[in-house]
Number of protein chains: 2
Amino acid sequence: MSDAVTKLERPRLSPEDWAQAALDLIAEQGVAALAVETLAKRLGVTKGSFYWHFPSRDALLTMALERWEAVEVETVLGPVEAIADPRERLRELFLRTSREVKSHAIYSALIRAVDHALVAPVVERVSRRRMDYLMMAFLHAGMPRREAVQRARLTYAAYVGFLQMSLQLHLPRLTAEEFEAYVDHVIVTLIPV
Amino acid sequence: MSDAVTKLERPRLSPEDWAQAALDLIAEQGVAALAVETLAKRLGVTKGSFYWHFPSRDALLTMALERWEAVEVETVLGPVEAIADPRERLRELFLRTSREVKSHAIYSALIRAVDHALVAPVVERVSRRRMDYLMMAFLHAGMPRREAVQRARLTYAAYVGFLQMSLQLHLPRLTAEEFEAYVDHVIVTLIPV
DNA sequence: ACATGTCAATACGGGGGCGTATGGTGGGGA
DNA sequence: TCCCCACCATACGCCCCCGTATTGACATGT
């Protein structure tokens, strides 16, 4: 409610506003919940407005996905890239999961909607990029290539699994300290000395 | 088509037949794709038949979930339970993901549909049961309790993540040998000596 | 003042999925 | 034989959501 752009503040909407609201909705309730009228209600208008900006719901989804994928690069891998030590890099990657939740929540929602033809390629590109990145990190840490590939698989699987369990299933219900302890355990277990 | 109970073989259907067909559909296309008329078409009847056996779609889902949860116990944890060595136990757990795919495919589909009020408690119970089981295994392997909990979290997250990636995202595309090599890597990395 | 372009409201049609009502059919017991 | 009941078909109403068509409001330039 508070972060929603109200009618009084900005009566006129841009496609970017719609795309951003779409990403918010996806992060909260998943891709399936992304309905035109639902979104319109959130923005304080009706769908008559939406179909002036977009030809279809798919067009909105496409634009939202493009925006997310572009932002994702500089919001997840970007800040982490500066860190030389792979140990610290992985730690940061996991810690950011708790801090800046939004992007990871969207990623988690997109994985669950990977059946969708528009979603699949985006998720696949992002996932592949991240896994390659991880693999390179293990490689630079001195691992043989074959092992680095496996370790990257394992690490990324653990990341994805943790996302699903904590964001969707709410299984762990970790406190901040428990979470950091878990991350430390992951580091010790998965990163070679 | 081939495994579907055709009209000629058995013109009369039981609730169990519907529940089984529902699980098949869930495994293939997810919970959202579970529609009454879709299922009826698969079984060679119309929904007039369905609503004689079940009062609603939710009733079918409930029964299907109950059946799966009951079978899951003796199909996943059961055979593994006999194995004493936790190293071999985890190996079997992962290897069964490739052999007997169905139950894991359903679990993966259910995780994705955990928004649903009927699905959530089932997934939560099964997940918790499995993680506890893993934790006990690490405990018996000589790990201190605190570490065993973390390691169980990590291992199960890796399992869930791998399921999502291989079954839904089709990312790894591993051959049988690659898969076994990956499992070996997971064993070596996650199981203490 | 008027016209034009931009954004939005309203009304409508259509498809898909759930659930209901009611009629039909075939096999086993009185 | 005939009836009955378990099982299934057909037809319908409803709701949700997508997309279209039409009209309306407001701002700006001329």
# chains A, B, ... in the order shown; residues from 1 in each chain; ligands from 1
>>> residues_around(residues="Lys102 in chain B", least_positions_apart="2", cutoff="10 Å", atoms="only C-alpha atoms (C1' of nucleotides)", output="VMD selection string")
chain B and resid 23 to 24 26 to 28 97 to 100 104 to 108
>>> write_last_selection(atoms="C-alpha atoms", output="compact mmCIF listing (two decimals), in the first residue's frame")
# COMPACT_ATOMS: atom_id res chain seq x y z
CA LEU B 23 -0.90 -37.96 -9.59
CA ASP B 24 0.30 -38.85 -13.08
CA ILE B 26 0.65 -33.64 -11.49
CA ALA B 27 3.96 -35.36 -12.11
CA GLU B 28 3.87 -34.41 -15.76
CA THR B 97 16.07 -39.78 -8.12
CA SER B 98 17.09 -41.06 -11.53
CA ARG B 99 15.67 -44.58 -11.32
CA GLU B 100 12.26 -44.19 -9.80
CA HIS B 104 10.35 -37.29 -7.00
CA ALA B 105 8.67 -35.64 -9.96
CA ILE B 106 5.50 -35.35 -7.91
CA TYR B 107 7.41 -33.93 -4.98
CA SER B 108 9.05 -31.41 -7.25
>>> interface_residues(of="chain A", to="chain B", cutoff="7 Å", atoms="only C-alpha atoms", output="PDB file with N, CA and C atoms, in the first residue's frame")
ATOM      1  N   ARG A 112       9.614 -21.478 -10.432  1.00  0.00           N
ATOM      2  CA  ARG A 112       8.379 -22.230 -10.263  1.00  0.00           C
ATOM      3  C   ARG A 112       7.474 -22.108 -11.484  1.00  0.00           C
ATOM      4  N   VAL A 114       8.564 -22.060 -14.655  1.00  0.00           N
ATOM      5  CA  VAL A 114       9.434 -22.301 -15.805  1.00  0.00           C
ATOM      6  C   VAL A 114       8.699 -23.058 -16.911  1.00  0.00           C
ATOM      7  N   GLU A 124      16.633 -19.870 -17.729  1.00  0.00           N
ATOM      8  CA  GLU A 124      17.740 -20.707 -18.191  1.00  0.00           C
ATOM      9  C   GLU A 124      19.011 -19.883 -18.382  1.00  0.00           C
ATOM     10  N   GLN A 150      31.380 -29.928 -11.022  1.00  0.00           N
ATOM     11  CA  GLN A 150      30.513 -30.638 -10.083  1.00  0.00           C
ATOM     12  C   GLN A 150      30.196 -29.779  -8.862  1.00  0.00           C
ATOM     13  N   LEU A 154      26.620 -28.474  -7.451  1.00  0.00           N
ATOM     14  CA  LEU A 154      26.185 -28.739  -6.077  1.00  0.00           C
ATOM     15  C   LEU A 154      25.866 -27.440  -5.337  1.00  0.00           C
ATOM     16  N   ALA A 157      22.749 -25.820  -6.775  1.00  0.00           N
ATOM     17  CA  ALA A 157      21.575 -26.597  -6.370  1.00  0.00           C
ATOM     18  C   ALA A 157      21.204 -26.279  -4.923  1.00  0.00           C
ATOM     19  N   ALA A 158      22.224 -26.163  -4.081  1.00  0.00           N
ATOM     20  CA  ALA A 158      21.977 -25.834  -2.675  1.00  0.00           C
ATOM     21  C   ALA A 158      21.352 -24.437  -2.560  1.00  0.00           C
ATOM     22  N   VAL A 160      19.527 -22.822  -4.927  1.00  0.00           N
ATOM     23  CA  VAL A 160      18.155 -22.890  -5.433  1.00  0.00           C
ATOM     24  C   VAL A 160      17.247 -23.603  -4.436  1.00  0.00           C
ATOM     25  N   GLY A 161      17.718 -24.695  -3.909  1.00  0.00           N
ATOM     26  CA  GLY A 161      16.929 -25.444  -2.934  1.00  0.00           C
ATOM     27  C   GLY A 161      16.641 -24.627  -1.694  1.00  0.00           C
ATOM     28  N   PHE A 162      17.628 -23.905  -1.242  1.00  0.00           N
ATOM     29  CA  PHE A 162      17.421 -23.061  -0.061  1.00  0.00           C
ATOM     30  C   PHE A 162      16.401 -21.970  -0.352  1.00  0.00           C
ATOM     31  N   GLN A 168       9.432 -20.169  -0.273  1.00  0.00           N
ATOM     32  CA  GLN A 168       8.120 -20.738  -0.591  1.00  0.00           C
ATOM     33  C   GLN A 168       7.610 -21.618   0.532  1.00  0.00           C
ATOM     34  N   LEU A 169       8.460 -22.493   0.983  1.00  0.00           N
ATOM     35  CA  LEU A 169       8.011 -23.480   1.960  1.00  0.00           C
ATOM     36  C   LEU A 169       8.102 -22.970   3.391  1.00  0.00           C
ATOM     37  N   TYR A 182      24.376 -20.864   9.304  1.00  0.00           N
ATOM     38  CA  TYR A 182      24.167 -21.785   8.190  1.00  0.00           C
ATOM     39  C   TYR A 182      25.075 -21.430   7.016  1.00  0.00           C
ATOM     40  N   HIS A 185      28.497 -22.504   7.659  1.00  0.00           N
ATOM     41  CA  HIS A 185      28.614 -23.956   7.476  1.00  0.00           C
ATOM     42  C   HIS A 185      28.735 -24.309   5.998  1.00  0.00           C
ATOM     43  N   VAL A 186      27.946 -23.635   5.183  1.00  0.00           N
ATOM     44  CA  VAL A 186      27.987 -23.875   3.738  1.00  0.00           C
ATOM     45  C   VAL A 186      29.365 -23.529   3.187  1.00  0.00           C
TER      46      VAL A 186
END
>>> residues_around(residues="DA21 in chain C", least_positions_apart="4", cutoff="12 Å", atoms="only C-alpha atoms (C1' of nucleotides)", output="count of residues only")
6
>>> interface_residues(of="chain C", to="chain B", cutoff="9 Å", atoms="only C-alpha atoms (C1' of nucleotides)", output="PyMOL selection string")
chain C and resi 17-19
>>> interface_residues(of="chain B", to="chain D", cutoff="10 Å", atoms="only C-alpha atoms (C1' of nucleotides)", output="list in words")
Pro11, Arg12, Leu13, Ser14, Val45, Thr46, Lys47, Gly48, Ser49, Phe50, Trp52 and His53 of chain B
>>> calpha_fit_and_write(fixed="chain B", moving="chain A", output="compact mmCIF listing (two decimals) with C-alpha atoms, in the first residue's frame")
# COMPACT_ATOMS: atom_id res chain seq x y z
CA MET A 1 -1.47 -43.52 -23.95
CA SER A 2 -0.29 -47.06 -23.43
CA ASP A 3 -0.43 -47.02 -19.65
CA ALA A 4 -3.77 -45.26 -19.59
CA VAL A 5 -6.69 -47.42 -18.61
CA THR A 6 -8.72 -47.53 -21.77
CA LYS A 7 -12.45 -47.67 -21.97
CA LEU A 8 -12.48 -51.14 -23.39
CA GLU A 9 -10.32 -52.71 -20.72
CA ARG A 10 -12.24 -51.23 -17.81
CA PRO A 11 -15.32 -49.24 -18.55
CA ARG A 12 -16.03 -48.58 -14.88
CA LEU A 13 -13.76 -46.36 -12.83
CA SER A 14 -13.03 -46.18 -9.11
CA PRO A 15 -11.94 -43.17 -7.05
CA GLU A 16 -8.50 -44.77 -6.84
CA ASP A 17 -8.25 -44.70 -10.63
CA TRP A 18 -9.00 -40.98 -10.60
CA ALA A 19 -6.48 -40.33 -7.83
CA GLN A 20 -3.77 -42.23 -9.65
CA ALA A 21 -4.47 -40.41 -12.89
CA ALA A 22 -4.37 -37.14 -10.95
CA LEU A 23 -0.91 -37.97 -9.61
CA ASP A 24 0.27 -38.83 -13.10
CA LEU A 25 -0.98 -35.52 -14.40
CA ILE A 26 0.61 -33.63 -11.50
CA ALA A 27 3.92 -35.34 -12.14
CA GLU A 28 3.79 -34.39 -15.78
CA GLN A 29 2.35 -30.89 -15.78
CA GLY A 30 2.00 -29.71 -12.21
CA VAL A 31 -0.88 -29.11 -9.84
CA ALA A 32 -2.29 -26.16 -11.78
CA ALA A 33 -2.83 -28.38 -14.80
CA LEU A 34 -5.01 -30.72 -12.80
CA ALA A 35 -8.41 -30.03 -14.33
CA VAL A 36 -11.44 -32.25 -14.08
CA GLU A 37 -12.22 -32.32 -17.77
CA THR A 38 -8.60 -32.89 -18.71
CA LEU A 39 -8.46 -35.87 -16.44
CA ALA A 40 -11.78 -37.19 -17.69
CA LYS A 41 -10.57 -37.02 -21.27
CA ARG A 42 -7.50 -39.02 -20.30
CA LEU A 43 -9.64 -41.70 -18.75
CA GLY A 44 -11.99 -41.80 -21.72
CA VAL A 45 -15.04 -40.44 -19.90
CA THR A 46 -16.62 -37.06 -19.23
CA LYS A 47 -16.78 -35.12 -16.02
CA GLY A 48 -20.26 -36.43 -15.36
CA SER A 49 -18.45 -39.51 -14.17
CA PHE A 50 -16.01 -37.60 -12.00
CA TYR A 51 -18.66 -35.84 -9.97
CA TRP A 52 -20.26 -39.12 -9.11
CA HIS A 53 -17.05 -40.27 -7.41
CA PHE A 54 -15.93 -36.94 -5.94
CA PRO A 55 -17.79 -33.93 -4.55
CA SER A 56 -15.20 -31.49 -5.86
CA ARG A 57 -11.81 -31.05 -7.48
CA ASP A 58 -10.31 -30.33 -4.07
CA ALA A 59 -11.56 -33.68 -2.80
CA LEU A 60 -9.68 -35.39 -5.61
CA LEU A 61 -6.55 -33.39 -4.87
CA THR A 62 -6.81 -34.28 -1.20
CA MET A 63 -7.15 -37.97 -1.89
CA ALA A 64 -4.31 -37.91 -4.41
CA LEU A 65 -2.05 -36.14 -1.93
CA GLU A 66 -2.93 -38.60 0.81
CA ARG A 67 -2.11 -41.51 -1.43
CA TRP A 68 1.16 -39.98 -2.51
CA GLU A 69 2.24 -39.14 1.02
CA ALA A 70 1.49 -42.68 2.17
CA VAL A 71 3.32 -44.26 -0.72
CA GLU A 72 6.20 -41.81 -0.46
CA VAL A 73 7.11 -43.06 2.97
CA GLU A 74 7.65 -46.62 1.85
CA THR A 75 9.05 -45.78 -1.54
CA VAL A 76 11.78 -43.28 -0.66
CA LEU A 77 12.69 -43.44 3.00
CA GLY A 78 11.65 -47.08 3.42
CA PRO A 79 14.15 -48.90 1.21
CA VAL A 80 16.87 -46.50 2.26
CA GLU A 81 16.23 -47.04 5.93
CA ALA A 82 17.64 -50.53 5.83
CA ILE A 83 21.06 -49.26 4.86
CA ALA A 84 23.19 -48.70 7.95
CA ASP A 85 26.06 -46.69 6.52
CA PRO A 86 24.94 -43.08 6.04
CA ARG A 87 27.32 -42.73 3.13
CA GLU A 88 25.56 -45.52 1.27
CA ARG A 89 22.19 -44.25 2.44
CA LEU A 90 22.65 -40.82 0.90
CA ARG A 91 24.04 -42.35 -2.24
CA GLU A 92 20.94 -44.50 -2.57
CA LEU A 93 18.69 -41.53 -1.90
CA PHE A 94 20.25 -39.60 -4.75
CA LEU A 95 20.48 -42.53 -7.12
CA ARG A 96 16.80 -43.24 -6.66
CA THR A 97 16.12 -39.81 -8.01
CA SER A 98 17.16 -41.02 -11.42
CA ARG A 99 15.74 -44.53 -11.30
CA GLU A 100 12.30 -44.18 -9.81
CA VAL A 101 11.56 -40.70 -11.11
CA LYS A 102 7.81 -40.53 -10.59
CA SER A 103 7.65 -39.90 -6.86
CA HIS A 104 10.36 -37.26 -7.04
CA ALA A 105 8.68 -35.62 -9.99
CA ILE A 106 5.51 -35.34 -7.94
CA TYR A 107 7.43 -33.93 -5.00
CA SER A 108 9.05 -31.40 -7.29
CA ALA A 109 5.67 -30.43 -8.72
CA LEU A 110 4.19 -30.09 -5.24
CA ILE A 111 6.98 -27.81 -4.10
CA ARG A 112 6.18 -25.53 -6.99
CA ALA A 113 2.52 -25.50 -5.97
CA VAL A 114 3.12 -24.92 -2.29
CA ASP A 115 0.99 -21.79 -2.48
CA HIS A 116 -2.04 -24.05 -2.58
CA ALA A 117 -3.61 -24.52 0.83
CA LEU A 118 -4.10 -28.27 0.37
CA VAL A 119 -0.59 -28.86 -0.93
CA ALA A 120 1.37 -26.87 1.64
CA PRO A 121 0.90 -29.11 4.71
CA VAL A 122 1.73 -32.26 2.77
CA VAL A 123 4.92 -30.82 1.35
CA GLU A 124 5.85 -29.45 4.73
CA ARG A 125 5.36 -32.76 6.51
CA VAL A 126 7.27 -34.75 3.95
CA SER A 127 10.11 -32.26 3.78
CA ARG A 128 10.43 -32.03 7.53
CA ARG A 129 10.38 -35.80 7.88
CA ARG A 130 13.10 -36.23 5.29
CA MET A 131 15.30 -33.52 6.75
CA ASP A 132 14.96 -34.97 10.22
CA TYR A 133 15.88 -38.30 8.81
CA LEU A 134 18.96 -36.86 7.19
CA MET A 135 19.90 -35.09 10.38
CA MET A 136 19.71 -38.33 12.33
CA ALA A 137 21.88 -40.00 9.74
CA PHE A 138 24.59 -37.37 10.13
CA LEU A 139 24.21 -37.65 13.89
CA HIS A 140 24.80 -41.38 13.79
CA ALA A 141 27.76 -40.77 11.54
CA GLY A 142 29.41 -39.04 14.45
CA MET A 143 28.63 -35.40 13.75
CA PRO A 144 27.90 -33.02 16.60
CA ARG A 145 24.23 -32.14 16.72
CA ARG A 146 24.60 -28.50 15.71
CA GLU A 147 26.65 -29.40 12.68
CA ALA A 148 24.36 -32.28 11.76
CA VAL A 149 21.41 -29.90 11.57
CA GLN A 150 23.27 -27.55 9.28
CA ARG A 151 24.57 -30.35 7.12
CA ALA A 152 21.09 -31.82 6.80
CA ARG A 153 19.79 -28.42 5.69
CA LEU A 154 22.54 -28.11 3.15
CA THR A 155 22.14 -31.63 1.83
CA TYR A 156 18.41 -31.39 1.51
CA ALA A 157 18.64 -27.99 -0.12
CA ALA A 158 21.04 -29.50 -2.64
CA TYR A 159 18.57 -32.32 -3.24
CA VAL A 160 15.62 -29.98 -3.76
CA GLY A 161 17.65 -27.65 -5.92
CA PHE A 162 18.86 -30.49 -8.08
CA LEU A 163 15.30 -31.71 -8.50
CA GLN A 164 14.11 -28.30 -9.63
CA MET A 165 16.99 -27.84 -12.01
CA SER A 166 16.97 -31.27 -13.59
CA LEU A 167 13.24 -31.95 -13.67
CA GLN A 168 11.89 -28.49 -14.37
CA LEU A 169 14.71 -26.47 -15.79
CA HIS A 170 16.48 -29.31 -17.57
CA LEU A 171 19.71 -27.44 -17.01
CA PRO A 172 22.33 -30.09 -16.40
CA ARG A 173 21.19 -32.57 -19.06
CA LEU A 174 23.39 -35.21 -17.50
CA THR A 175 24.05 -38.60 -18.91
CA ALA A 176 23.95 -41.64 -16.68
CA GLU A 177 27.69 -41.58 -16.10
CA GLU A 178 27.78 -37.85 -15.48
CA PHE A 179 24.96 -38.24 -13.02
CA GLU A 180 26.74 -40.95 -11.07
CA ALA A 181 29.92 -38.90 -11.06
CA TYR A 182 27.94 -35.98 -9.69
CA VAL A 183 26.41 -38.12 -6.97
CA ASP A 184 29.85 -39.38 -6.03
CA HIS A 185 31.08 -35.82 -5.80
CA VAL A 186 28.15 -34.95 -3.55
CA ILE A 187 28.89 -37.91 -1.32
CA VAL A 188 32.54 -37.04 -0.96
CA THR A 189 31.76 -33.42 -0.29
CA LEU A 190 28.85 -33.74 2.11
CA ILE A 191 29.45 -36.96 4.00
CA PRO A 192 32.16 -36.91 6.68
CA VAL A 193 34.73 -39.64 6.85
>>> decode(residues="range 18-116 of chain B", atoms="C-alpha atoms", output="short mmCIF file (atom, residue, chain, number, x, y, z; two decimals), in the first residue's frame")
data_model
loop_
_atom_site.label_atom_id
_atom_site.label_comp_id
_atom_site.auth_asym_id
_atom_site.auth_seq_id
_atom_site.Cartn_x
_atom_site.Cartn_y
_atom_site.Cartn_z
CA TRP B 18 -8.98 -40.97 -10.59
CA ALA B 19 -6.49 -40.31 -7.82
CA GLN B 20 -3.77 -42.23 -9.61
CA ALA B 21 -4.45 -40.41 -12.87
CA ALA B 22 -4.34 -37.14 -10.94
CA LEU B 23 -0.90 -37.96 -9.59
CA ASP B 24 0.30 -38.85 -13.08
CA LEU B 25 -0.93 -35.52 -14.38
CA ILE B 26 0.65 -33.64 -11.49
CA ALA B 27 3.96 -35.36 -12.11
CA GLU B 28 3.87 -34.41 -15.76
CA GLN B 29 2.43 -30.91 -15.76
CA GLY B 30 2.06 -29.73 -12.19
CA VAL B 31 -0.83 -29.10 -9.85
CA ALA B 32 -2.21 -26.15 -11.80
CA ALA B 33 -2.75 -28.39 -14.82
CA LEU B 34 -4.94 -30.71 -12.81
CA ALA B 35 -8.32 -30.02 -14.36
CA VAL B 36 -11.34 -32.25 -14.12
CA GLU B 37 -12.14 -32.32 -17.81
CA THR B 38 -8.50 -32.90 -18.75
CA LEU B 39 -8.37 -35.89 -16.46
CA ALA B 40 -11.71 -37.19 -17.72
CA LYS B 41 -10.49 -37.04 -21.29
CA ARG B 42 -7.41 -39.06 -20.30
CA LEU B 43 -9.59 -41.73 -18.75
CA GLY B 44 -11.89 -41.82 -21.71
CA VAL B 45 -14.94 -40.47 -19.90
CA THR B 46 -16.55 -37.08 -19.23
CA LYS B 47 -16.71 -35.10 -16.05
CA GLY B 48 -20.18 -36.43 -15.41
CA SER B 49 -18.36 -39.50 -14.21
CA PHE B 50 -15.96 -37.56 -12.04
CA TYR B 51 -18.63 -35.77 -10.04
CA TRP B 52 -20.24 -39.05 -9.21
CA HIS B 53 -17.05 -40.22 -7.46
CA PHE B 54 -15.94 -36.89 -6.01
CA PRO B 55 -17.79 -33.87 -4.67
CA SER B 56 -15.17 -31.43 -5.95
CA ARG B 57 -11.77 -31.02 -7.52
CA ASP B 58 -10.29 -30.28 -4.10
CA ALA B 59 -11.56 -33.62 -2.83
CA LEU B 60 -9.67 -35.35 -5.62
CA LEU B 61 -6.54 -33.37 -4.87
CA THR B 62 -6.82 -34.23 -1.20
CA MET B 63 -7.16 -37.93 -1.88
CA ALA B 64 -4.32 -37.90 -4.39
CA LEU B 65 -2.06 -36.12 -1.92
CA GLU B 66 -2.95 -38.58 0.84
CA ARG B 67 -2.15 -41.50 -1.38
CA TRP B 68 1.14 -39.99 -2.47
CA GLU B 69 2.22 -39.16 1.06
CA ALA B 70 1.45 -42.68 2.20
CA VAL B 71 3.29 -44.28 -0.68
CA GLU B 72 6.17 -41.82 -0.44
CA VAL B 73 7.09 -43.07 3.00
CA GLU B 74 7.64 -46.63 1.88
CA THR B 75 9.01 -45.79 -1.54
CA VAL B 76 11.74 -43.30 -0.67
CA LEU B 77 12.67 -43.46 2.98
CA GLY B 78 11.64 -47.09 3.40
CA PRO B 79 14.14 -48.89 1.17
CA VAL B 80 16.86 -46.49 2.20
CA GLU B 81 16.23 -47.04 5.86
CA ALA B 82 17.65 -50.54 5.74
CA ILE B 83 21.07 -49.24 4.77
CA ALA B 84 23.19 -48.69 7.83
CA ASP B 85 26.06 -46.66 6.41
CA PRO B 86 24.94 -43.04 5.96
CA ARG B 87 27.31 -42.69 3.05
CA GLU B 88 25.55 -45.47 1.17
CA ARG B 89 22.18 -44.19 2.35
CA LEU B 90 22.62 -40.77 0.81
CA ARG B 91 24.02 -42.33 -2.33
CA GLU B 92 20.90 -44.45 -2.65
CA LEU B 93 18.66 -41.47 -1.97
CA PHE B 94 20.19 -39.56 -4.84
CA LEU B 95 20.42 -42.48 -7.19
CA ARG B 96 16.75 -43.21 -6.72
CA THR B 97 16.07 -39.78 -8.12
CA SER B 98 17.09 -41.06 -11.53
CA ARG B 99 15.67 -44.58 -11.32
CA GLU B 100 12.26 -44.19 -9.80
CA VAL B 101 11.52 -40.73 -11.09
CA LYS B 102 7.78 -40.56 -10.55
CA SER B 103 7.61 -39.91 -6.82
CA HIS B 104 10.35 -37.29 -7.00
CA ALA B 105 8.67 -35.64 -9.96
CA ILE B 106 5.50 -35.35 -7.91
CA TYR B 107 7.41 -33.93 -4.98
CA SER B 108 9.05 -31.41 -7.25
CA ALA B 109 5.68 -30.43 -8.70
CA LEU B 110 4.20 -30.09 -5.23
CA ILE B 111 6.99 -27.80 -4.10
CA ARG B 112 6.17 -25.53 -6.98
CA ALA B 113 2.52 -25.49 -5.97
CA VAL B 114 3.12 -24.91 -2.29
CA ASP B 115 1.00 -21.76 -2.49
CA HIS B 116 -2.04 -24.03 -2.57
#
